[in-house]
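Q: So here's model_12.txt (compact mmCIF, C-alpha atoms).
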```
# COMPACT_ATOMS: atom_id res chain seq x y z
CA MET A 1 0.00 0.00 0.00
CA SER A 2 1.33 3.41 -0.87
CA ARG A 3 1.80 6.23 1.57
CA SER A 4 -1.05 8.61 2.36
CA LEU A 5 -0.86 11.74 0.21
CA LYS A 6 -1.97 13.80 3.17
CA LYS A 7 1.39 13.24 4.82
CA GLY A 8 3.48 14.10 1.79
CA PRO A 9 6.76 12.37 1.00
CA PHE A 10 8.94 11.15 3.85
CA VAL A 11 12.08 13.23 4.01
CA ASP A 12 14.54 12.80 6.82
CA GLU A 13 14.54 16.16 8.65
CA LYS A 14 18.16 16.08 9.71
CA LEU A 15 19.38 15.09 6.28
CA TYR A 16 17.32 17.80 4.63
CA ARG A 17 18.76 20.45 6.95
CA LYS A 18 22.25 19.22 6.17
CA VAL A 19 21.62 19.59 2.46
CA GLU A 20 20.23 23.09 2.95
CA LYS A 21 23.25 24.10 4.95
CA GLN A 22 25.56 22.91 2.18
CA SER A 23 23.61 24.54 -0.62
CA SER A 24 25.10 27.90 0.31
CA ALA A 25 28.63 26.50 0.38
CA THR A 26 30.40 26.19 -2.96
CA ASN A 27 32.02 22.81 -2.50
CA LYS A 28 29.62 19.96 -1.97
CA ARG A 29 31.07 17.24 0.18
CA PRO A 30 29.39 13.83 0.25
CA ILE A 31 26.92 13.47 3.09
CA LYS A 32 27.05 10.30 5.12
CA THR A 33 23.63 9.00 6.01
CA TRP A 34 21.76 6.03 7.39
CA ALA A 35 18.41 7.42 6.21
CA ARG A 36 17.73 4.85 3.50
CA ALA A 37 14.00 5.41 3.75
CA CYS A 38 14.34 9.08 2.92
CA THR A 39 12.68 10.14 -0.34
CA ILE A 40 14.90 11.98 -2.79
CA VAL A 41 13.47 15.46 -3.27
CA PRO A 42 14.44 17.87 -6.10
CA GLU A 43 16.69 19.78 -3.69
CA PHE A 44 18.98 16.74 -3.46
CA VAL A 45 19.88 16.74 -7.15
CA GLY A 46 23.60 17.20 -7.71
CA TYR A 47 24.60 16.04 -4.24
CA THR A 48 26.54 12.96 -3.41
CA PHE A 49 25.34 10.86 -0.49
CA GLN A 50 27.05 8.01 1.20
CA VAL A 51 24.18 5.68 1.95
CA HIS A 52 24.70 2.98 4.55
CA ASN A 53 23.80 -0.54 3.52
CA GLY A 54 24.39 -2.17 6.89
CA ARG A 55 28.08 -2.67 6.21
CA HIS A 56 29.59 0.23 4.38
CA PHE A 57 28.55 3.44 2.73
CA THR A 58 27.71 3.40 -0.97
CA GLU A 59 28.38 6.58 -2.90
CA VAL A 60 25.20 7.78 -4.55
CA PHE A 61 25.30 10.76 -6.87
CA VAL A 62 21.76 12.03 -7.18
CA THR A 63 20.52 12.84 -10.67
CA GLU A 64 17.21 14.31 -11.74
CA ASP A 65 15.84 10.90 -12.68
CA MET A 66 16.18 9.67 -9.11
CA VAL A 67 13.71 12.15 -7.66
CA GLY A 68 10.84 10.34 -6.01
CA HIS A 69 12.87 7.23 -5.23
CA LYS A 70 14.32 6.41 -1.82
CA LEU A 71 17.99 6.71 -1.03
CA GLY A 72 18.12 3.04 -0.05
CA GLU A 73 17.15 1.92 -3.54
CA PHE A 74 20.63 2.85 -4.69
CA SER A 75 22.59 1.10 -1.97
CA PRO A 76 22.07 -2.66 -2.27
CA THR A 77 22.06 -4.58 1.01
CA ARG A 78 22.74 -8.00 -0.44
CA LEU A 79 25.72 -9.30 -2.33
CA PHE A 80 25.16 -12.29 -4.59
CA ARG A 81 28.37 -13.98 -5.63
CA GLY A 82 26.80 -16.85 -7.55
CA HIS A 83 26.00 -20.39 -6.50
CA THR A 84 28.54 -22.93 -5.28
CA ASN A 85 29.79 -25.47 -7.76
CA LYS A 86 29.22 -28.83 -6.00
CA LYS A 87 31.83 -30.77 -7.98
CA GLU A 88 34.62 -28.33 -7.37
CA GLY A 89 33.45 -27.63 -3.86
CA ILE A 90 34.54 -24.04 -4.17
CA LYS A 91 32.82 -20.82 -4.92
CA LEU A 92 33.19 -19.71 -8.49
CA ARG A 93 34.08 -16.15 -9.36
CA MET B 94 -11.94 -6.92 -41.97
CA PRO B 95 -11.83 -3.59 -40.16
CA ARG B 96 -8.52 -2.04 -39.18
CA ILE B 97 -8.17 0.13 -36.12
CA ALA B 98 -5.05 1.63 -34.59
CA GLY B 99 -2.59 0.61 -37.28
CA VAL B 100 -2.17 -3.11 -37.67
CA ASP B 101 -4.87 -4.55 -35.48
CA ILE B 102 -7.61 -6.47 -37.22
CA PRO B 103 -10.39 -7.64 -34.91
CA GLU B 104 -13.06 -9.96 -36.35
CA ASN B 105 -16.54 -11.46 -36.08
CA LYS B 106 -16.81 -10.52 -32.43
CA LYS B 107 -18.87 -7.72 -30.99
CA ILE B 108 -16.90 -4.50 -31.24
CA ARG B 109 -16.89 -4.20 -27.47
CA TYR B 110 -14.80 -7.34 -27.22
CA ALA B 111 -12.95 -6.96 -30.51
CA LEU B 112 -11.36 -3.72 -29.37
CA ARG B 113 -9.63 -5.55 -26.55
CA TYR B 114 -7.41 -7.27 -29.09
CA ILE B 115 -5.55 -3.99 -29.38
CA TYR B 116 -2.56 -3.85 -27.01
CA GLY B 117 -3.38 -1.26 -24.37
CA ILE B 118 -7.16 -1.54 -24.56
CA GLY B 119 -8.99 -3.56 -21.95
CA PRO B 120 -12.61 -3.81 -20.85
CA GLN B 121 -12.65 -0.33 -19.37
CA PHE B 122 -11.14 1.55 -22.30
CA ALA B 123 -13.20 -0.46 -24.80
CA ASP B 124 -16.43 0.70 -23.20
CA GLU B 125 -15.14 4.25 -22.80
CA ILE B 126 -14.21 4.47 -26.48
CA LEU B 127 -17.58 3.16 -27.68
CA LYS B 128 -19.48 5.49 -25.41
CA ASP B 129 -17.54 8.51 -26.61
CA ALA B 130 -17.77 7.53 -30.28
CA SER B 131 -21.47 6.69 -29.72
CA VAL B 132 -21.18 3.28 -31.34
CA ASP B 133 -23.45 0.44 -30.24
CA PRO B 134 -21.14 -1.93 -28.31
CA ASP B 135 -23.12 -4.98 -29.42
CA LEU B 136 -22.49 -4.46 -33.13
CA ARG B 137 -20.22 -7.00 -34.81
CA ALA B 138 -16.88 -5.53 -35.84
CA LYS B 139 -17.49 -6.34 -39.50
CA ASP B 140 -20.85 -4.50 -39.45
CA LEU B 141 -19.37 -1.13 -38.53
CA ASP B 142 -19.49 1.53 -41.23
CA ASP B 143 -16.53 3.74 -42.12
CA GLN B 144 -17.83 6.64 -40.13
CA GLN B 145 -18.09 4.60 -36.94
CA LEU B 146 -14.64 3.18 -37.48
CA SER B 147 -13.11 6.58 -37.93
CA ALA B 148 -14.90 7.86 -34.82
CA ILE B 149 -13.30 5.05 -32.84
CA ALA B 150 -9.90 5.62 -34.42
CA THR B 151 -10.06 9.36 -33.73
CA TYR B 152 -10.84 8.78 -30.07
CA ILE B 153 -7.97 6.33 -29.67
CA ASP B 154 -5.52 8.63 -31.40
CA ALA B 155 -6.51 11.57 -29.28
CA ASN B 156 -6.74 9.96 -25.86
CA LEU B 157 -4.90 6.66 -25.62
CA ILE B 158 -1.44 5.28 -26.05
CA VAL B 159 -1.65 1.85 -27.66
CA GLU B 160 0.41 -0.81 -29.43
CA GLY B 161 4.00 0.10 -30.37
CA ALA B 162 3.95 3.46 -28.63
CA LEU B 163 2.78 1.87 -25.39
CA ARG B 164 5.33 -0.94 -25.60
CA ARG B 165 8.04 1.64 -26.20
CA GLN B 166 6.86 3.71 -23.26
CA THR B 167 6.95 0.70 -20.95
CA GLN B 168 10.43 -0.17 -22.15
CA GLN B 169 11.59 3.38 -21.51
CA HIS B 170 10.32 3.26 -17.96
CA ILE B 171 12.21 0.05 -17.32
CA GLN B 172 15.29 1.50 -18.99
CA ARG B 173 15.12 4.51 -16.70
CA LEU B 174 15.13 2.25 -13.65
CA ARG B 175 18.18 0.48 -15.04
CA ASP B 176 20.03 3.66 -15.89
CA ILE B 177 19.75 5.16 -12.44
CA ARG B 178 21.04 1.90 -10.98
CA SER B 179 18.08 1.48 -8.66
CA TYR B 180 17.16 -1.76 -6.94
CA ARG B 181 14.20 -2.27 -9.24
CA GLY B 182 16.39 -1.71 -12.29
CA ASP B 183 18.81 -4.31 -10.98
CA ARG B 184 16.01 -6.86 -10.59
CA HIS B 185 14.95 -6.24 -14.17
CA ARG B 186 18.53 -6.74 -15.32
CA ARG B 187 18.81 -10.05 -13.51
CA GLY B 188 15.40 -11.26 -14.61
CA LEU B 189 14.15 -11.72 -11.06
CA PRO B 190 10.87 -10.54 -9.55
CA VAL B 191 10.89 -6.78 -9.08
CA ARG B 192 8.30 -6.26 -6.38
CA GLY B 193 9.70 -8.13 -3.42
CA GLN B 194 8.21 -11.58 -4.08
CA ARG B 195 9.96 -14.65 -2.74
CA THR B 196 12.46 -16.38 -4.98
CA ARG B 197 13.31 -19.43 -2.90
CA CYS B 198 10.65 -21.26 -4.85
CA ASN B 199 8.21 -20.24 -7.57
CA ALA B 200 8.94 -16.95 -9.37
CA ARG B 201 9.02 -19.04 -12.55
CA THR B 202 7.42 -16.35 -14.68
CA ARG B 203 10.48 -14.18 -14.22
CA LYS B 204 13.13 -16.84 -13.86
CA GLY B 205 11.98 -18.94 -16.80
CA LYS B 206 11.98 -22.70 -16.99
CA LYS B 207 13.55 -24.65 -14.16
CA LYS B 208 17.27 -25.25 -14.43
CA THR B 209 17.94 -28.47 -12.54
CA VAL B 210 21.09 -28.47 -10.48
CA ALA B 211 22.86 -31.83 -10.16
CA GLY B 212 23.52 -32.92 -6.59
CA LYS B 213 20.74 -30.90 -5.10
CA LYS B 214 18.30 -32.74 -2.84
CA GLY B 215 16.67 -35.68 -4.58
CA VAL B 216 18.46 -35.20 -7.88
CA LYS B 217 21.14 -37.75 -8.79
CA GLY B 218 24.44 -35.98 -9.30
```
So that I can check it, write out the structure of this file as structure tokens.

A:
Amino acid sequence: MSRSLKKGPFVDEKLYRKVEKQSSATNKRPIKTWARACTIVPEFVGYTFQVHNGRHFTEVFVTEDMVGHKLGEFSPTRLFRGHTNKKEGIKLR
Amino acid sequence: MPRIAGVDIPENKKIRYALRYIYGIGPQFADEILKDASVDPDLRAKDLDDQQLSAIATYIDANLIVEGALRRQTQQHIQRLRDIRSYRGDRHRRGLPVRGQRTRCNARTRKGKKKTVAGKKGVKG
């Protein structure tokens, strides 16, 4: 079920304030964040975020196309290395 | 045989049902089109006169995206998800279910026919 329109998009307050603070500065440093559930709003375009995936931070450069998606969609939490090869008994790749 | 929306040729069916053979037109749009073009939905497709056909075609052209254009649009949406490297785009790339369904079993529509792995439970290796 999708989110109630009444509430508007979920944007992490702290993260939003951080972006605002940087918008005046000329150099945009990547912002570290754990707020994977935060919706990407137009103000975020052109910023780089480091989105936590439970292990490390994935660099996410926000483009216009990403608006409306969540930050977490760009920082995969699972790593699939392929299936084991039974005969060899070792992981391939 | 009447032609509507480019290549589609419906047949001896009532126009209400025949229209659904066009990609992008289902029960709802079929009825909407016929109502707007004021064509009797129970007429057979072959019994429509040119004027009725053109009324239907005009409505589709003006209001709906069908056939090739719709397929292209859908493809573009998927391509966008891939290009921005989102999770959903990744699932499309791998041919796995996109909307969070389980993949331990089932999911055959996306994964295709079963690929039996030798040595797995019950299968002689």

Q: List every residue of chain B that has an atom at most 7 Å from any atom of chain A, giving for each one its closest atom pair and the distance in Å to one decimal, counting all atoms listed in the file, sorted by chain and then by ascending residue number, as a Markdown table.

A:
```
| residue | atom | partner | partner_atom | distance |
| --- | --- | --- | --- | --- |
| B:Ile177 | CA | A:Met66 | CA | 6.6 |
| B:Arg178 | CA | A:Phe74 | CA | 6.4 |
| B:Ser179 | CA | A:Phe74 | CA | 4.9 |
| B:Tyr180 | CA | A:Glu73 | CA | 5.0 |
```

Q: Since we have the selection now, will you write its residues out, keeping C-alpha atoms, as a CSV table (one decimal), in the coordinates of the input?

A:
```
chain,number,residue,atom,x,y,z
B,177,ILE,CA,19.8,5.2,-12.4
B,178,ARG,CA,21.0,1.9,-11.0
B,179,SER,CA,18.1,1.5,-8.7
B,180,TYR,CA,17.2,-1.8,-6.9
```

Q: One number please: atom CA of A:Glu20 to atom CA of A:Phe44, in Å, one decimal.

A: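 Result for atom CA of A:Glu20 versus atom CA of A:Phe44: 9.1 Å, one decimal.
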
Q: Might you pull out every residue within 10 Å of B:Tyr110, with only C-alpha atoms counted and same-chain residues fewer than 2 positions away left off, and present them as a VMD selection string?

A: chain B and resid 103 to 108 112 to 114 118 to 120 123 to 124 134 to 135 137 to 138

Q: Closest to B:Gly205 among B:Glu125, B:Arg187, B:Asp154, B:Gly193, using all atoms listed in the file?

A: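 Among the listed residues, B:Arg187 lies closest to B:Gly205.
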
Q: Just how far from atom CA of B:Ala162 is atom CA of B:Lys128, in Å to one decimal?

A: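 Spanning atom CA of B:Lys128 to atom CA of B:Ala162 is a straight-line distance of 23.7 Å.
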
Q: Tell me, as a PyMOL selection string, which residues lie within 12 Å of B:Leu157, counting only C-alpha atoms; anything in the same chain fewer than 4 positions away does not count.

A: chain B and resi 98+115-119+122-123+125-126+149-153+162-163

Q: Store the residues of this selection in a file with C-alpha atoms, as a PDB file, in the frame of the given file.

A:
```pdb
ATOM      1  CA  ALA B  98      -5.050   1.630 -34.590  1.00  0.00           C
ATOM      2  CA  ILE B 115      -5.550  -3.990 -29.380  1.00  0.00           C
ATOM      3  CA  TYR B 116      -2.560  -3.850 -27.010  1.00  0.00           C
ATOM      4  CA  GLY B 117      -3.380  -1.260 -24.370  1.00  0.00           C
ATOM      5  CA  ILE B 118      -7.160  -1.540 -24.560  1.00  0.00           C
ATOM      6  CA  GLY B 119      -8.990  -3.560 -21.950  1.00  0.00           C
ATOM      7  CA  PHE B 122     -11.140   1.550 -22.300  1.00  0.00           C
ATOM      8  CA  ALA B 123     -13.200  -0.460 -24.800  1.00  0.00           C
ATOM      9  CA  GLU B 125     -15.140   4.250 -22.800  1.00  0.00           C
ATOM     10  CA  ILE B 126     -14.210   4.470 -26.480  1.00  0.00           C
ATOM     11  CA  ILE B 149     -13.300   5.050 -32.840  1.00  0.00           C
ATOM     12  CA  ALA B 150      -9.900   5.620 -34.420  1.00  0.00           C
ATOM     13  CA  THR B 151     -10.060   9.360 -33.730  1.00  0.00           C
ATOM     14  CA  TYR B 152     -10.840   8.780 -30.070  1.00  0.00           C
ATOM     15  CA  ILE B 153      -7.970   6.330 -29.670  1.00  0.00           C
ATOM     16  CA  ALA B 162       3.950   3.460 -28.630  1.00  0.00           C
ATOM     17  CA  LEU B 163       2.780   1.870 -25.390  1.00  0.00           C
TER      18      LEU B 163
END
```

Q: Rounded to one decimal in Å, what is the spacing between atom CA of B:Ile97 and atom CA of B:Ser147?

A: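 These atoms are spaced 8.3 Å apart.
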
Q: Could you pull out every residue with an atom within 12 Å of (28.3, -9.3, -8.2), file coordinates, counting only C-alpha atoms, and send them as a count of residues only?

A: 11

Q: B:Ala148, B:Val159, B:Val210, B:Val191: which is nearest B:Val100, counting all atoms listed in the file?

A: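 For B:Val100, the nearest of the given residues is B:Val159.
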
Q: For a quick check of understanding, using all atoms listed in the file, which of A:Pro30, A:Gly46, A:Gly68, A:Gly54 has the smallest distance to A:Val11?

A: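 Between A:Pro30, A:Gly46, A:Gly68, A:Gly54, the residue approaching A:Val11 most closely is A:Gly68.
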